[in-house]
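One file, input-v6.txt, carrying compact mmCIF, N, CA and C atoms:
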```txt
# COMPACT_ATOMS: atom_id res chain seq x y z
N PRO A 15 -13.77 -12.53 -67.17
CA PRO A 15 -15.03 -11.88 -67.56
C PRO A 15 -16.17 -12.90 -67.59
N GLY A 16 -17.35 -12.42 -67.22
CA GLY A 16 -18.51 -13.31 -67.21
C GLY A 16 -18.82 -13.88 -65.85
N ASN A 17 -17.86 -13.90 -64.94
CA ASN A 17 -18.09 -14.38 -63.58
C ASN A 17 -18.71 -13.26 -62.75
N LYS A 18 -19.41 -13.66 -61.70
CA LYS A 18 -19.95 -12.66 -60.78
C LYS A 18 -18.82 -12.13 -59.90
N VAL A 19 -18.95 -10.88 -59.50
CA VAL A 19 -17.96 -10.26 -58.63
C VAL A 19 -17.82 -11.06 -57.34
N SER A 20 -18.91 -11.60 -56.83
CA SER A 20 -18.87 -12.37 -55.59
C SER A 20 -17.97 -13.60 -55.68
N ALA A 21 -17.75 -14.10 -56.89
CA ALA A 21 -16.89 -15.28 -57.08
C ALA A 21 -15.46 -14.99 -56.64
N VAL A 22 -15.00 -13.75 -56.80
CA VAL A 22 -13.64 -13.39 -56.39
C VAL A 22 -13.49 -13.58 -54.89
N TYR A 23 -14.46 -13.08 -54.14
CA TYR A 23 -14.40 -13.23 -52.68
C TYR A 23 -14.49 -14.70 -52.29
N GLN A 24 -15.36 -15.45 -52.94
CA GLN A 24 -15.53 -16.87 -52.60
C GLN A 24 -14.24 -17.65 -52.84
N VAL A 25 -13.52 -17.31 -53.90
CA VAL A 25 -12.24 -17.98 -54.18
C VAL A 25 -11.23 -17.65 -53.09
N ALA A 26 -11.16 -16.38 -52.71
CA ALA A 26 -10.23 -15.97 -51.64
C ALA A 26 -10.56 -16.70 -50.34
N LEU A 27 -11.84 -16.75 -50.00
CA LEU A 27 -12.27 -17.43 -48.79
C LEU A 27 -11.93 -18.92 -48.84
N SER A 28 -12.15 -19.56 -49.97
CA SER A 28 -11.87 -21.00 -50.06
C SER A 28 -10.38 -21.29 -49.95
N VAL A 29 -9.52 -20.40 -50.48
CA VAL A 29 -8.07 -20.59 -50.36
C VAL A 29 -7.65 -20.48 -48.89
N VAL A 30 -8.19 -19.48 -48.18
CA VAL A 30 -7.85 -19.32 -46.77
C VAL A 30 -8.37 -20.51 -45.96
N GLU A 31 -9.59 -20.93 -46.21
CA GLU A 31 -10.15 -22.08 -45.48
C GLU A 31 -9.35 -23.35 -45.73
N ARG A 32 -8.80 -23.50 -46.94
CA ARG A 32 -8.01 -24.69 -47.27
C ARG A 32 -6.60 -24.61 -46.70
N ASP A 33 -5.94 -23.46 -46.88
CA ASP A 33 -4.52 -23.35 -46.56
C ASP A 33 -4.23 -22.82 -45.15
N ALA A 34 -5.15 -22.06 -44.58
CA ALA A 34 -4.93 -21.48 -43.25
C ALA A 34 -6.27 -21.32 -42.53
N PRO A 35 -6.95 -22.44 -42.25
CA PRO A 35 -8.29 -22.36 -41.67
C PRO A 35 -8.35 -21.58 -40.36
N GLU A 36 -7.26 -21.52 -39.63
CA GLU A 36 -7.24 -20.78 -38.37
C GLU A 36 -7.38 -19.26 -38.58
N LEU A 37 -7.16 -18.81 -39.81
CA LEU A 37 -7.27 -17.38 -40.13
C LEU A 37 -8.61 -17.00 -40.77
N ALA A 38 -9.44 -17.97 -41.09
CA ALA A 38 -10.69 -17.68 -41.80
C ALA A 38 -11.58 -16.70 -41.05
N ALA A 39 -11.64 -16.79 -39.75
CA ALA A 39 -12.48 -15.88 -38.96
C ALA A 39 -11.95 -14.46 -38.98
N ASN A 40 -10.67 -14.28 -39.32
CA ASN A 40 -10.04 -12.96 -39.35
C ASN A 40 -10.06 -12.32 -40.73
N LEU A 41 -10.51 -13.06 -41.74
CA LEU A 41 -10.54 -12.54 -43.10
C LEU A 41 -11.52 -11.38 -43.19
N THR A 42 -11.12 -10.32 -43.87
CA THR A 42 -12.01 -9.17 -44.04
C THR A 42 -13.20 -9.57 -44.90
N LYS A 43 -14.26 -8.82 -44.82
CA LYS A 43 -15.52 -9.14 -45.53
C LYS A 43 -15.50 -8.71 -46.98
N SER A 44 -14.39 -8.18 -47.44
CA SER A 44 -14.24 -7.76 -48.83
C SER A 44 -12.87 -8.17 -49.32
N ALA A 45 -12.79 -8.54 -50.60
CA ALA A 45 -11.51 -8.90 -51.20
C ALA A 45 -11.01 -7.77 -52.11
N GLY A 46 -11.53 -6.58 -51.88
CA GLY A 46 -11.08 -5.43 -52.65
C GLY A 46 -12.24 -4.64 -53.22
N THR A 47 -11.90 -3.77 -54.15
CA THR A 47 -12.91 -2.90 -54.74
C THR A 47 -12.51 -2.47 -56.14
N GLY A 48 -13.51 -2.11 -56.91
CA GLY A 48 -13.25 -1.60 -58.25
C GLY A 48 -12.61 -0.23 -58.20
N ILE A 49 -11.82 0.08 -59.21
CA ILE A 49 -11.22 1.40 -59.35
C ILE A 49 -11.79 2.00 -60.62
N GLY A 50 -12.36 3.17 -60.50
CA GLY A 50 -12.96 3.82 -61.67
C GLY A 50 -12.87 5.32 -61.54
N LEU A 51 -14.01 5.98 -61.60
CA LEU A 51 -14.01 7.42 -61.41
C LEU A 51 -13.58 7.78 -60.00
N GLU A 52 -13.87 6.88 -59.07
CA GLU A 52 -13.43 7.04 -57.69
C GLU A 52 -12.45 5.93 -57.39
N PHE A 53 -11.59 6.16 -56.40
CA PHE A 53 -10.61 5.13 -56.03
C PHE A 53 -11.31 3.87 -55.57
N ARG A 54 -12.38 4.01 -54.80
CA ARG A 54 -13.15 2.86 -54.33
C ARG A 54 -14.57 2.98 -54.87
N GLU A 55 -14.87 2.26 -55.90
CA GLU A 55 -16.22 2.28 -56.46
C GLU A 55 -17.13 1.43 -55.58
N SER A 56 -18.05 2.06 -54.90
CA SER A 56 -18.89 1.35 -53.92
C SER A 56 -19.70 0.21 -54.53
N GLY A 57 -20.10 0.32 -55.77
CA GLY A 57 -20.87 -0.74 -56.42
C GLY A 57 -20.04 -1.91 -56.90
N LEU A 58 -18.73 -1.80 -56.77
CA LEU A 58 -17.85 -2.87 -57.25
C LEU A 58 -17.02 -3.48 -56.13
N SER A 59 -17.59 -3.55 -54.95
CA SER A 59 -16.91 -4.18 -53.82
C SER A 59 -16.84 -5.69 -54.06
N LEU A 60 -15.65 -6.25 -53.89
CA LEU A 60 -15.45 -7.69 -54.08
C LEU A 60 -15.85 -8.41 -52.80
N ASN A 61 -17.16 -8.60 -52.61
CA ASN A 61 -17.65 -9.27 -51.41
C ASN A 61 -18.62 -10.38 -51.80
N ALA A 62 -19.06 -11.13 -50.82
CA ALA A 62 -19.89 -12.32 -51.06
C ALA A 62 -21.28 -11.98 -51.60
N LYS A 63 -21.73 -10.72 -51.48
CA LYS A 63 -23.09 -10.37 -51.86
C LYS A 63 -23.22 -9.67 -53.21
N ASN A 64 -22.11 -9.33 -53.86
CA ASN A 64 -22.17 -8.55 -55.09
C ASN A 64 -22.41 -9.46 -56.29
N ASP A 65 -23.54 -9.29 -56.96
CA ASP A 65 -23.90 -10.13 -58.10
C ASP A 65 -23.59 -9.50 -59.46
N ARG A 66 -22.90 -8.37 -59.46
CA ARG A 66 -22.51 -7.76 -60.74
C ARG A 66 -21.61 -8.72 -61.50
N VAL A 67 -21.58 -8.58 -62.80
CA VAL A 67 -20.79 -9.46 -63.65
C VAL A 67 -19.50 -8.76 -64.06
N LEU A 68 -18.38 -9.48 -63.96
CA LEU A 68 -17.09 -8.94 -64.38
C LEU A 68 -17.04 -8.81 -65.89
N LYS A 69 -16.49 -7.68 -66.36
CA LYS A 69 -16.35 -7.42 -67.79
C LYS A 69 -14.91 -7.03 -68.09
N ALA A 70 -14.46 -7.33 -69.30
CA ALA A 70 -13.11 -6.95 -69.72
C ALA A 70 -12.96 -5.44 -69.60
N GLY A 71 -11.81 -5.02 -69.09
CA GLY A 71 -11.52 -3.59 -68.92
C GLY A 71 -11.76 -3.09 -67.51
N MET A 72 -12.47 -3.85 -66.69
CA MET A 72 -12.67 -3.44 -65.30
C MET A 72 -11.34 -3.54 -64.57
N VAL A 73 -11.12 -2.62 -63.63
CA VAL A 73 -9.87 -2.58 -62.86
C VAL A 73 -10.23 -2.68 -61.38
N PHE A 74 -9.49 -3.51 -60.66
CA PHE A 74 -9.76 -3.74 -59.24
C PHE A 74 -8.49 -3.63 -58.41
N ASN A 75 -8.66 -3.14 -57.19
CA ASN A 75 -7.64 -3.23 -56.17
C ASN A 75 -8.02 -4.48 -55.39
N VAL A 76 -7.36 -5.59 -55.65
CA VAL A 76 -7.68 -6.87 -55.03
C VAL A 76 -6.85 -7.00 -53.75
N THR A 77 -7.53 -7.21 -52.63
CA THR A 77 -6.84 -7.28 -51.34
C THR A 77 -7.19 -8.55 -50.61
N LEU A 78 -6.24 -9.03 -49.87
CA LEU A 78 -6.46 -10.13 -48.94
C LEU A 78 -6.09 -9.57 -47.58
N GLY A 79 -7.10 -9.39 -46.74
CA GLY A 79 -6.88 -8.74 -45.47
C GLY A 79 -7.28 -9.61 -44.29
N PHE A 80 -6.52 -9.49 -43.23
CA PHE A 80 -6.82 -10.19 -41.98
C PHE A 80 -6.82 -9.15 -40.87
N GLN A 81 -7.85 -9.19 -40.04
CA GLN A 81 -7.96 -8.22 -38.96
C GLN A 81 -8.00 -8.92 -37.61
N ASN A 82 -7.71 -8.16 -36.57
CA ASN A 82 -7.72 -8.66 -35.19
C ASN A 82 -6.78 -9.85 -34.99
N LEU A 83 -5.63 -9.81 -35.62
CA LEU A 83 -4.62 -10.83 -35.40
C LEU A 83 -3.88 -10.50 -34.10
N GLN A 84 -3.33 -11.51 -33.45
CA GLN A 84 -2.64 -11.28 -32.19
C GLN A 84 -1.27 -11.95 -32.20
N THR A 85 -0.36 -11.31 -31.52
CA THR A 85 0.98 -11.85 -31.37
C THR A 85 1.44 -11.64 -29.93
N GLN A 86 2.40 -12.44 -29.51
CA GLN A 86 2.95 -12.31 -28.16
C GLN A 86 4.02 -11.23 -28.18
N THR A 87 3.82 -10.19 -27.39
CA THR A 87 4.78 -9.11 -27.29
C THR A 87 4.68 -8.48 -25.91
N SER A 88 5.75 -7.84 -25.51
CA SER A 88 5.75 -7.22 -24.17
C SER A 88 4.95 -5.92 -24.14
N ASN A 89 4.71 -5.32 -25.29
CA ASN A 89 3.95 -4.08 -25.37
C ASN A 89 2.50 -4.39 -25.72
N PRO A 90 1.56 -4.13 -24.82
CA PRO A 90 0.15 -4.46 -25.10
C PRO A 90 -0.41 -3.71 -26.30
N LYS A 91 0.18 -2.55 -26.63
CA LYS A 91 -0.32 -1.77 -27.77
C LYS A 91 -0.04 -2.47 -29.10
N SER A 92 0.95 -3.32 -29.15
CA SER A 92 1.31 -3.97 -30.41
C SER A 92 0.93 -5.44 -30.46
N GLN A 93 0.11 -5.89 -29.53
CA GLN A 93 -0.31 -7.29 -29.54
C GLN A 93 -1.36 -7.56 -30.62
N ASN A 94 -2.21 -6.61 -30.92
CA ASN A 94 -3.23 -6.77 -31.96
C ASN A 94 -2.78 -6.04 -33.21
N PHE A 95 -2.96 -6.68 -34.34
CA PHE A 95 -2.57 -6.04 -35.60
C PHE A 95 -3.42 -6.57 -36.74
N SER A 96 -3.31 -5.90 -37.88
CA SER A 96 -3.99 -6.32 -39.10
C SER A 96 -2.96 -6.44 -40.20
N LEU A 97 -3.31 -7.19 -41.23
CA LEU A 97 -2.42 -7.40 -42.36
C LEU A 97 -3.24 -7.26 -43.63
N LEU A 98 -2.71 -6.52 -44.60
CA LEU A 98 -3.42 -6.32 -45.86
C LEU A 98 -2.42 -6.50 -47.00
N LEU A 99 -2.72 -7.43 -47.89
CA LEU A 99 -1.91 -7.66 -49.09
C LEU A 99 -2.75 -7.23 -50.29
N ALA A 100 -2.15 -6.51 -51.23
CA ALA A 100 -2.96 -5.98 -52.33
C ALA A 100 -2.21 -6.01 -53.66
N ASP A 101 -2.98 -6.13 -54.72
CA ASP A 101 -2.50 -6.02 -56.09
C ASP A 101 -3.55 -5.29 -56.91
N THR A 102 -3.12 -4.67 -57.99
CA THR A 102 -4.04 -4.05 -58.93
C THR A 102 -4.21 -5.01 -60.09
N VAL A 103 -5.47 -5.32 -60.42
CA VAL A 103 -5.77 -6.34 -61.43
C VAL A 103 -6.74 -5.77 -62.46
N ILE A 104 -6.45 -6.04 -63.72
CA ILE A 104 -7.34 -5.65 -64.82
C ILE A 104 -7.98 -6.92 -65.38
N VAL A 105 -9.31 -6.90 -65.52
CA VAL A 105 -10.01 -8.01 -66.15
C VAL A 105 -9.79 -7.88 -67.66
N THR A 106 -9.33 -8.97 -68.30
CA THR A 106 -9.08 -8.96 -69.74
C THR A 106 -10.05 -9.92 -70.44
N ASP A 107 -10.04 -9.89 -71.74
CA ASP A 107 -10.91 -10.80 -72.51
C ASP A 107 -10.62 -12.26 -72.20
N SER A 108 -9.35 -12.56 -71.90
CA SER A 108 -8.97 -13.95 -71.66
C SER A 108 -8.73 -14.29 -70.19
N GLY A 109 -8.99 -13.37 -69.29
CA GLY A 109 -8.77 -13.65 -67.87
C GLY A 109 -8.48 -12.39 -67.10
N HIS A 110 -7.21 -12.22 -66.70
CA HIS A 110 -6.83 -11.04 -65.93
C HIS A 110 -5.35 -10.75 -66.10
N ASP A 111 -4.97 -9.51 -65.78
CA ASP A 111 -3.58 -9.09 -65.81
C ASP A 111 -3.29 -8.42 -64.47
N VAL A 112 -2.27 -8.90 -63.77
CA VAL A 112 -1.89 -8.31 -62.48
C VAL A 112 -0.89 -7.18 -62.77
N VAL A 113 -1.38 -5.96 -62.69
CA VAL A 113 -0.59 -4.78 -63.04
C VAL A 113 0.62 -4.62 -62.12
N THR A 114 0.48 -5.00 -60.89
CA THR A 114 1.55 -4.84 -59.91
C THR A 114 2.54 -6.02 -59.89
N SER A 115 2.46 -6.90 -60.88
CA SER A 115 3.34 -8.07 -60.88
C SER A 115 4.82 -7.69 -61.05
N LEU A 116 5.09 -6.51 -61.61
CA LEU A 116 6.48 -6.08 -61.77
C LEU A 116 7.06 -5.51 -60.48
N SER A 117 6.22 -5.21 -59.51
CA SER A 117 6.70 -4.68 -58.23
C SER A 117 7.37 -5.80 -57.44
N SER A 118 8.44 -5.44 -56.77
CA SER A 118 9.18 -6.42 -55.98
C SER A 118 8.34 -6.92 -54.82
N LYS A 119 8.39 -8.21 -54.59
CA LYS A 119 7.72 -8.82 -53.44
C LYS A 119 8.74 -9.44 -52.50
N ALA A 120 10.01 -9.07 -52.69
CA ALA A 120 11.08 -9.58 -51.83
C ALA A 120 10.87 -9.06 -50.41
N VAL A 121 11.16 -9.88 -49.43
CA VAL A 121 10.96 -9.51 -48.03
C VAL A 121 11.66 -8.19 -47.71
N LYS A 122 12.85 -7.97 -48.23
CA LYS A 122 13.58 -6.74 -47.92
C LYS A 122 12.85 -5.50 -48.44
N ASP A 123 11.97 -5.67 -49.41
CA ASP A 123 11.24 -4.54 -49.99
C ASP A 123 9.86 -4.32 -49.38
N VAL A 124 9.31 -5.33 -48.73
CA VAL A 124 7.93 -5.20 -48.24
C VAL A 124 7.76 -5.46 -46.76
N ALA A 125 8.79 -5.92 -46.07
CA ALA A 125 8.65 -6.26 -44.66
C ALA A 125 8.93 -5.05 -43.78
N TYR A 126 8.19 -4.95 -42.71
CA TYR A 126 8.38 -3.86 -41.76
C TYR A 126 8.56 -4.46 -40.37
N SER A 127 9.37 -3.83 -39.59
CA SER A 127 9.49 -4.23 -38.19
C SER A 127 9.30 -2.98 -37.35
N PHE A 128 8.81 -3.16 -36.14
CA PHE A 128 8.53 -2.05 -35.27
C PHE A 128 9.30 -2.24 -33.98
N ASN A 129 9.94 -1.18 -33.54
CA ASN A 129 10.66 -1.21 -32.28
C ASN A 129 9.65 -0.98 -31.17
N GLU A 130 9.42 -1.97 -30.35
CA GLU A 130 8.41 -1.89 -29.30
C GLU A 130 8.79 -0.95 -28.18
N ASP A 131 10.06 -0.58 -28.06
CA ASP A 131 10.50 0.26 -26.95
C ASP A 131 10.34 1.74 -27.23
N GLU A 132 10.21 2.11 -28.49
CA GLU A 132 10.12 3.53 -28.85
C GLU A 132 8.68 4.00 -28.83
N GLU A 133 8.51 5.29 -28.53
CA GLU A 133 7.19 5.91 -28.60
C GLU A 133 6.81 6.05 -30.06
N GLU A 134 5.50 6.13 -30.34
CA GLU A 134 5.05 6.32 -31.71
C GLU A 134 5.53 7.68 -32.19
N GLU A 135 6.08 7.70 -33.39
CA GLU A 135 6.55 8.95 -33.97
C GLU A 135 5.68 9.28 -35.16
N GLU A 136 5.64 10.56 -35.46
CA GLU A 136 4.88 10.99 -36.62
C GLU A 136 5.57 10.48 -37.87
N GLU A 137 4.76 9.96 -38.81
CA GLU A 137 5.35 9.43 -40.04
C GLU A 137 5.87 10.56 -40.91
N GLU A 138 7.01 10.31 -41.52
CA GLU A 138 7.59 11.28 -42.42
C GLU A 138 6.83 11.25 -43.73
N GLN A 139 6.47 12.42 -44.25
CA GLN A 139 5.73 12.50 -45.51
C GLN A 139 6.68 12.19 -46.66
N PRO A 140 6.21 11.39 -47.65
CA PRO A 140 7.08 11.08 -48.78
C PRO A 140 7.37 12.35 -49.58
N LYS A 141 8.58 12.43 -50.09
CA LYS A 141 8.98 13.59 -50.87
C LYS A 141 8.62 13.36 -52.33
N VAL A 142 8.11 14.40 -52.96
CA VAL A 142 7.76 14.33 -54.38
C VAL A 142 9.03 14.51 -55.19
N LYS A 143 9.20 13.70 -56.20
CA LYS A 143 10.38 13.76 -57.04
C LYS A 143 10.36 15.06 -57.84
N ALA A 144 11.40 15.84 -57.71
CA ALA A 144 11.47 17.10 -58.44
C ALA A 144 11.55 16.82 -59.94
N GLY A 145 10.85 17.62 -60.70
CA GLY A 145 10.89 17.48 -62.15
C GLY A 145 9.85 16.50 -62.69
N SER A 146 9.11 15.85 -61.84
CA SER A 146 8.08 14.93 -62.30
C SER A 146 6.83 15.73 -62.63
N ASN A 147 6.37 15.63 -63.87
CA ASN A 147 5.20 16.40 -64.28
C ASN A 147 3.96 15.54 -64.40
N GLY A 148 4.03 14.27 -64.02
CA GLY A 148 2.87 13.39 -64.04
C GLY A 148 2.56 12.78 -65.39
N THR A 149 3.36 13.07 -66.41
CA THR A 149 3.08 12.53 -67.73
C THR A 149 3.85 11.25 -68.02
N GLU A 150 4.80 10.92 -67.16
CA GLU A 150 5.58 9.71 -67.37
C GLU A 150 5.25 8.68 -66.31
N ALA A 151 5.39 7.42 -66.65
CA ALA A 151 5.08 6.35 -65.69
C ALA A 151 6.22 6.22 -64.70
N LEU A 152 5.89 6.24 -63.42
CA LEU A 152 6.88 6.05 -62.37
C LEU A 152 6.55 4.77 -61.64
N TYR A 153 7.54 3.91 -61.48
CA TYR A 153 7.33 2.66 -60.77
C TYR A 153 7.92 2.79 -59.38
N SER A 154 7.23 2.25 -58.41
CA SER A 154 7.73 2.28 -57.05
C SER A 154 7.56 0.93 -56.42
N LYS A 155 8.21 0.72 -55.31
CA LYS A 155 8.09 -0.54 -54.58
C LYS A 155 6.93 -0.45 -53.65
```
So, in terms of structure tokens, how does the structure I just supplied come out?
Amino acid sequence: PGNKVSAVYQVALSVVERDAPELAANLTKSAGTGIGLEFRESGLSLNAKNDRVLKAGMVFNVTLGFQNLQTQTSNPKSQNFSLLLADTVIVTDSGHDVVTSLSSKAVKDVAYSFNEDEEEEEEEQPKVKAGSNGTEALYSK
């Protein structure tokens, strides 16, 4: 609390420039957005130009995104890709709390691979758990 929103983006940018300078040009122009009455609060974008001040109780979807990345593959459709890593963070009186810290970050839980030989298939819609009335906390990976 007390820091400008733009400081969040500047920290993300400085980490990328220090640890992976070759990816700095691919970094998205925002490090996330506030969550409030709307999922993406337009006035709380975590970018280099936002001078709003962080206050305890604010909630953010903090993202580190890279766009226009390229890989060597035989399928030209899958040579360009993007990557987005995200956490939900609450600003507290003493700093911050990463709400998604209990979610597994193990490779087996978050890694995806794509079969380059298959045609694109329609994604299967997730099934809603029967008996869930929305009043209890459900954790997912």
Can you build me a table of stretch 46-127 of chain A residues sitting at most 8 Å from stretch 24-28 of chain A, with the closest atom pair per residue and its distance in Å to one decimal, using only N, CA and C atoms, sorted by chain and residue number, as a tab-separated table?
```
residue	atom	partner	partner_atom	distance
A:Leu60	C	A:Gln24	N	7.1
A:Asn61	C	A:Gln24	N	6.1
A:Ala62	CA	A:Gln24	N	5.8
A:Leu78	CA	A:Ala26	CA	7.5
```
Within 8 Å of A:Gly57, counting only N, CA and C atoms, which residues show up once you throw out same-chain ones fewer than 6 positions away? Write them as a CSV table (one decimal) with N, CA and C atoms, keeping the file's coordinate frame, please.
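The resulting file, around_13.csv, is reproduced below:
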```
chain,number,residue,atom,x,y,z
A,47,THR,N,-11.9,-3.8,-54.2
A,47,THR,CA,-12.9,-2.9,-54.7
A,47,THR,C,-12.5,-2.5,-56.1
A,48,GLY,N,-13.5,-2.1,-56.9
A,48,GLY,CA,-13.2,-1.6,-58.2
A,48,GLY,C,-12.6,-0.2,-58.2
A,64,ASN,N,-22.1,-9.3,-53.9
A,64,ASN,CA,-22.2,-8.6,-55.1
A,64,ASN,C,-22.4,-9.5,-56.3
A,66,ARG,N,-22.9,-8.4,-59.5
A,66,ARG,CA,-22.5,-7.8,-60.7
A,66,ARG,C,-21.6,-8.7,-61.5
```
| task | Within 8 Å of A:Thr102, counting only C-alpha atoms, which residues show up once you throw out same-chain ones fewer than 5 positions away? Write them as an NGL selection string, please. | result | :A and (73-76 or 112-114)
| task | Find the residue from A:Leu98, A:Leu51, A:Thr77, A:Pro15 that sits nearest to A:His110; use only N, CA and C atoms when measuring. | result |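 Checking each candidate against A:His110, we get A:Pro15 as the closest.
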| query | In stretch 51-114 of chain A, what's strand (DSSP E) per DSSP? Answer as an MDAnalysis selection string? | reply | chainID A and resid 55:59 73:84 94:106 109:112
| Distance atom N of A:Pro35-atom N of A:Gln81, one decimal place? |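 Pair atom N of A:Pro35 / atom N of A:Gln81 returns 13.5 Å.
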| request: Could you tell me how far atom CA of A:Ala100 lies from atom N of A:Lys43, in Å and to one decimal? | output: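 Those two atoms sit 13.9 Å apart.
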